[in-house]
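I have placed the structure first, in the form of structure tokens, so that the comments after it can refer back to it.
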Amino acid sequence: MFQDDALYSIAMFAAAAWLFKMWVCDLRGFAADGKGRKGEFPGARPASLGLSAAGAMCGLVLLAGITAAEIASGEVGEQTKVSFWALFSWVGAAFIEELVFRGYLVVENRGRAALWGSVFAFSLLFALCHPFFWDFSVPEGGSVFDGVFSLDFSAKAFRDSANVFASSIVFYILRFCPQNGMRSLVPCVAAHLAYNVGVFCVKAAQGFVVWTF
């Protein structure tokens with residue numbers, strides 16, 4: 001997958017860093033005068049340290065549950081290996097995916113039914129965007145035009161997709177829960193970042209990270 005490519009991963013990280021810088025500018029602007037700006041990024045609002053920490057804890061709890069289930073079912077050996085460079089793309093994705101899905105892809109201010117209907121619909125899309133039911137592999141030394149697209153409808157693919165779907169629901173809840181009155185993206189990003197970095201650490205501990213540079 002692209003996440004194992006150094007150029008792609010660094011580009012993803014750089015794009016996330018640039019978007020995060022712009023998002024923080026909107027956050028600081030609001031903090032300075034309490035007013036939103038036209039065209040500002042969604043969720044560019046402050047959140048309490050406690051809620052942000054709770055978000056990170058949610059991400060780790062989700063990961064712990066999924067990891068425990070994999071160990072109990074004997075599926076640890078079925079994991080895919082990733083390169084060291086995947087960490088950069090996963091860190092970048094933690095912000096970009098939250099900005100897109102929990103920020104833009106949700107129906108706000110049209111009632112609870114529309115809000116939670118969009119949460120479930122976009123969580124399904126979020127799960128399908130992850131390469132569990134599908135895969136696109138580029139052979140070593142080849143280009144993207146040499147890539148092979150394949151489908152996988154195994155029980156594991158369904159379980160992994162269900163886990164991502166559930167995680168997405170949790171991330172949306174963190175943004176729209178009553179404790180997050182300003183609907184800040186900070187708790188969502190904290191949860192997603194803790195989850196992604198945790199996945200990398202678990203893979204590294206289990207021997208599924210290829211430490212090549």
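We label chains A, B, ... in the order they appear in the structure tokens, count residues from 1 in each chain, and number ligands from 1 in the order shown.
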
Within chain A, find each residue whose DSSP state, derived from the backbone, is alpha helix (DSSP H), and express the selection as an NGL selection string. :A and (6-33 or 49-73 or 86-97 or 112-129 or 155-176 or 186-205)

Using only C-alpha atoms, pick whichever of A:Phe153, A:Trp18, A:Phe176, A:Tyr195 has the shortest atom-to-atom distance to A:Gly59.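 Of all the options, A:Tyr195 lies closest to A:Gly59.
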
Please indicate the distance in Å from atom CA of A:Leu87 to atom CA of A:Tyr8, rounded to one decimal place. 11.5 Å

Give me, as JSON lines, each residue of stretch 191-213 of chain A that comes within 10 Å of stretch 66-78 of chain A, together with its shortest interatomic pair and the distance in Å at one decimal, counting only C-alpha atoms, with rows ordered by chain and rising residue number.
```
{"residue": "A:Val199", "atom": "CA", "partner": "A:Thr67", "partner_atom": "CA", "distance": 8.8}
{"residue": "A:Val202", "atom": "CA", "partner": "A:Thr67", "partner_atom": "CA", "distance": 8.2}
{"residue": "A:Lys203", "atom": "CA", "partner": "A:Val76", "partner_atom": "CA", "distance": 9.5}
{"residue": "A:Gln206", "atom": "CA", "partner": "A:Val76", "partner_atom": "CA", "distance": 8.2}
{"residue": "A:Gly207", "atom": "CA", "partner": "A:Gly77", "partner_atom": "CA", "distance": 9.8}
{"residue": "A:Phe208", "atom": "CA", "partner": "A:Gly77", "partner_atom": "CA", "distance": 9.1}
```

May I have the selected residues written with C-alpha atoms, as a compact mmCIF listing (two decimals), in the first residue's frame?
```txt
# COMPACT_ATOMS: atom_id res chain seq x y z
CA VAL A 199 -1.69 0.56 16.34
CA VAL A 202 1.29 -2.76 18.84
CA LYS A 203 2.46 -3.85 15.39
CA GLN A 206 4.36 -7.98 17.64
CA GLY A 207 7.03 -7.85 14.93
CA PHE A 208 4.91 -6.48 12.09
```

Extract, using only C-alpha atoms, all DNA, RNA and protein residues at most 10 Å from A:Phe171, discarding same-chain residues fewer than 2 positions from it, and format them as number ranges by chain. A: 55, 58-59, 98, 101-102, 119, 123, 165-169, 173-176, 185, 187-192

Residue nearest A:Leu124 among A:Ser161, A:Asn109, A:Gln179, A:Ser184 (counting only C-alpha atoms): A:Ser161

Distance of atom CA of A:Leu105 from atom CA of A:Gly36, expressed in Å to one decimal place: 19.4 Å

From stretch 55-136 of chain A, collect each residue whose DSSP state is strand (DSSP E) and return the set as a ChimeraX atom specification. /A:82-83,134-136

Deliver the residues from the most recent selection as a file, using N, CA and C atoms, as a PDB file, in the first residue's frame.
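As a result, part_13.pdb now contains:
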```pdb
ATOM      1  N   VAL A  82       3.873  -3.503   7.937  1.00  0.00           N
ATOM      2  CA  VAL A  82       3.973  -2.131   7.432  1.00  0.00           C
ATOM      3  C   VAL A  82       5.411  -1.666   7.606  1.00  0.00           C
ATOM      4  N   SER A  83       5.790  -0.684   6.834  1.00  0.00           N
ATOM      5  CA  SER A  83       7.132  -0.134   6.969  1.00  0.00           C
ATOM      6  C   SER A  83       7.137   0.959   8.037  1.00  0.00           C
ATOM      7  N   TRP A 134     -10.938  -4.218   0.179  1.00  0.00           N
ATOM      8  CA  TRP A 134     -10.233  -4.027  -1.089  1.00  0.00           C
ATOM      9  C   TRP A 134      -8.751  -3.795  -0.821  1.00  0.00           C
ATOM     10  N   ASP A 135      -7.963  -3.923  -1.859  1.00  0.00           N
ATOM     11  CA  ASP A 135      -6.528  -3.678  -1.736  1.00  0.00           C
ATOM     12  C   ASP A 135      -5.988  -3.256  -3.096  1.00  0.00           C
ATOM     13  N   PHE A 136      -5.062  -2.331  -3.057  1.00  0.00           N
ATOM     14  CA  PHE A 136      -4.380  -1.912  -4.285  1.00  0.00           C
ATOM     15  C   PHE A 136      -2.888  -2.008  -4.024  1.00  0.00           C
TER      16      PHE A 136
END
```
